[in-house]
Amino acid sequence: MNKKLCIAGGCGLAALMVSCAWGAAPLNYPNKPVRFIAANSAGGGLDIVARALSPKLAAVFGYQVVVDNRAGAAGSIASEITAHAPKDGHTIMTGSLGGLAVNTNLYKGLNYHPLRDLTAITFATSSSNVLVVNPSVPAKSVQELIALARAQPGKLTYGSSGAGNAGHLAGELFKSMTKTDMVHVPYKGGAPAMIDLIAGQVQLVFSSAPTAVPQVKAGKIRALAVTTLKRSTVLPELPTIAESGLPGYEADNWYGVVTTAGTPRAIIDYLNTEIVRALQSPEVKQLLFNQGLEVRTSTPAEFGAYMKSEFDKWAKVIKDAGITAN
């Protein structure tokens with residue numbers, strides 16, 4: 001019986017006896033290098049998380065943990081590869097809102113479903129989008145922006161880095177909850193959206209913190225609030241949209257770690273324990289914090305339930321707003 005694996009996986013005594021008696025985990029997991037897929041290109045947020053974790057995990061596993069960048073289709077390519085990998089825990093993936101909760105509702109013909117074909121291991125990080133406006137916009141608060149939008153239906157424009165991304169969905173949720181009419185202007189990336197915001201071509205953007213903060217500090221744009229339910233430790237001075245008069249508003253730029261559905265529970269528990277341990281290490285927390293990412297960990301069940309809640313939430317937003325993506 002693989003008692004060491006079960007103990008490392010954080011099992012209680014009863015769970016240890018059951019999982020070991022059932023032989024749920026191989027005696028020698030891992031028995032080869034582990035493939036750690038990052039659902040974006042080198043230097044992106046998911047890649048940063050995977051590369052921060054890989055040496056920590058390799059030291060525990062005794063095998064290489066190889067980061068494999070699989071960018072494209074807003075995370076769908078990486079998610080599909082992981083969904084169809086062997087069910088042995090040797091392929092894990094860092095994924096985000098798109099691949100793990102949104103894309104199935106946006107793109108036709110995807111060859112995976114995140115809630116059926118992927119299994120949650122843990123949250124990894126959380127980061128806020130920042131609601132920022134051009135200085136010419138007279139609103140100095142979320143409530144003033146809502147009042148302005150209601151007074152000028154269809155006049156305000158907001159930019160994003162593309163249809164269906166986190167910034168676009170944050171804007172559509174804002175419109176839905178405030179019963180306002182603002183025009184979405186999609187760009188091919190966050191940088192061109194920010195350039196046009198500074199130039200006054202669009203009035204507001206729900207921007208990623210790394211893109212927005214330097215421009216806020218330079219006085220080129222004005223920040224009103226963050227989109228997460230709790231204040232960001234990266235931007236503690238900014239209120240949340242929820243506390244600014246829109247209770248329940250939450251649009252979290254979250255990352256998590258998943259593997260192939262059907263992987264034995266004892267392996268998932270073991271991976272959860274070791275990945276959470278690595279994420280909570282001071283050096284990894286600081287590295288990710290420097291990138292505007294707050295470490296956020298969980299049990300597999302907690303992350304799985306959150307993926308389901310995000311899937312249902314954004315499916316409604318996408319349907320109600322008639323959002324499509326090519």
# chains A, B, ... in the order shown; residues from 1 in each chain; ligands from 1
>>> select_by_dssp(residues="stretch 114-158 of chain A", states="alpha helix (DSSP H)", output="list in words")
Pro114, Leu115, Arg116, Asp117, Val142, Gln143, Glu144, Leu145, Ile146, Ala147, Leu148, Ala149, Arg150 and Ala151 of chain A
>>> residues_around(residues="A:Leu169", least_positions_apart="4", cutoff="8 Å", atoms="only C-alpha atoms", output="VMD selection string")
chain A and resid 164 to 165 173 251 314 317 to 318
>>> write_last_selection(atoms="N, CA and C atoms", output="short mmCIF file (atom, residue, chain, number, x, y, z; two decimals), in the first residue's frame")
data_model
loop_
_atom_site.label_atom_id
_atom_site.label_comp_id
_atom_site.auth_asym_id
_atom_site.auth_seq_id
_atom_site.Cartn_x
_atom_site.Cartn_y
_atom_site.Cartn_z
N GLY A 164 -14.94 38.06 -25.95
CA GLY A 164 -14.96 36.89 -25.09
C GLY A 164 -13.85 36.84 -24.06
N ASN A 165 -12.93 37.81 -24.08
CA ASN A 165 -11.87 37.75 -23.07
C ASN A 165 -12.37 38.31 -21.74
N LEU A 173 -20.86 42.12 -17.99
CA LEU A 173 -21.49 41.89 -16.69
C LEU A 173 -21.86 43.23 -16.06
N ALA A 251 -15.70 39.89 -11.31
CA ALA A 251 -15.10 39.39 -12.55
C ALA A 251 -13.63 39.15 -12.26
N TRP A 314 -20.98 32.81 -16.60
CA TRP A 314 -20.61 33.46 -17.86
C TRP A 314 -21.42 32.95 -19.04
N VAL A 317 -24.22 35.36 -19.06
CA VAL A 317 -23.79 36.68 -19.54
C VAL A 317 -23.61 36.65 -21.06
N ILE A 318 -22.96 35.60 -21.56
CA ILE A 318 -22.70 35.47 -23.00
C ILE A 318 -24.02 35.37 -23.78
#
>>> atom_distance(atom1="atom CA of A:Leu100", atom2="atom CA of A:Lys316")
15.7 Å
>>> atom_distance(atom1="atom CA of A:Leu115", atom2="atom CA of A:Met307")
7.6 Å
>>> select_by_dssp(residues="stretch 22-220 of chain A", states="strand (DSSP E or B)", output="JSON, numbers by chain")
{"A": [34, 35, 36, 37, 38, 65, 66, 67, 68, 69, 91, 92, 93, 94, 95, 96, 118, 119, 120, 121, 122, 123, 124, 125, 126, 127, 128, 129, 130, 131, 132, 133, 157, 158, 159, 160, 183, 184, 185, 186, 204, 205, 206, 207, 208]}
>>> closest_atom_pairs(of="stretch 85-114 of chain A", to="stretch 257-278 of chain A", cutoff="8 Å", atoms="only C-alpha atoms", output="tab-separated table")
residue	atom	partner	partner_atom	distance
A:Ala85	CA	A:Thr260	CA	6.3
A:Pro86	CA	A:Thr260	CA	7.2
A:Lys87	CA	A:Thr263	CA	4.5
A:Asp88	CA	A:Thr263	CA	5.4
A:Gly89	CA	A:Thr263	CA	6.1
A:Thr91	CA	A:Thr259	CA	6.3
A:Ile92	CA	A:Thr259	CA	4.6
A:Met93	CA	A:Val258	CA	5.4
A:Thr94	CA	A:Val257	CA	4.6
A:Gly95	CA	A:Val257	CA	6.2
>>> write_last_selection(atoms="C-alpha atoms", output="compact mmCIF listing (two decimals), in the first residue's frame")
# COMPACT_ATOMS: atom_id res chain seq x y z
CA ALA A 85 -4.04 12.95 -22.31
CA PRO A 86 -3.54 9.63 -20.47
CA LYS A 87 -5.40 9.54 -17.16
CA ASP A 88 -2.27 9.06 -15.08
CA GLY A 89 -1.39 12.53 -13.74
CA THR A 91 -0.03 15.81 -17.85
CA ILE A 92 -1.17 18.83 -15.86
CA MET A 93 -2.12 22.30 -17.05
CA THR A 94 -2.37 25.89 -15.90
CA GLY A 95 -5.60 27.28 -17.30
>>> atom_distance(atom1="atom CA of A:Ser208", atom2="atom CA of A:Ala170")
11.0 Å
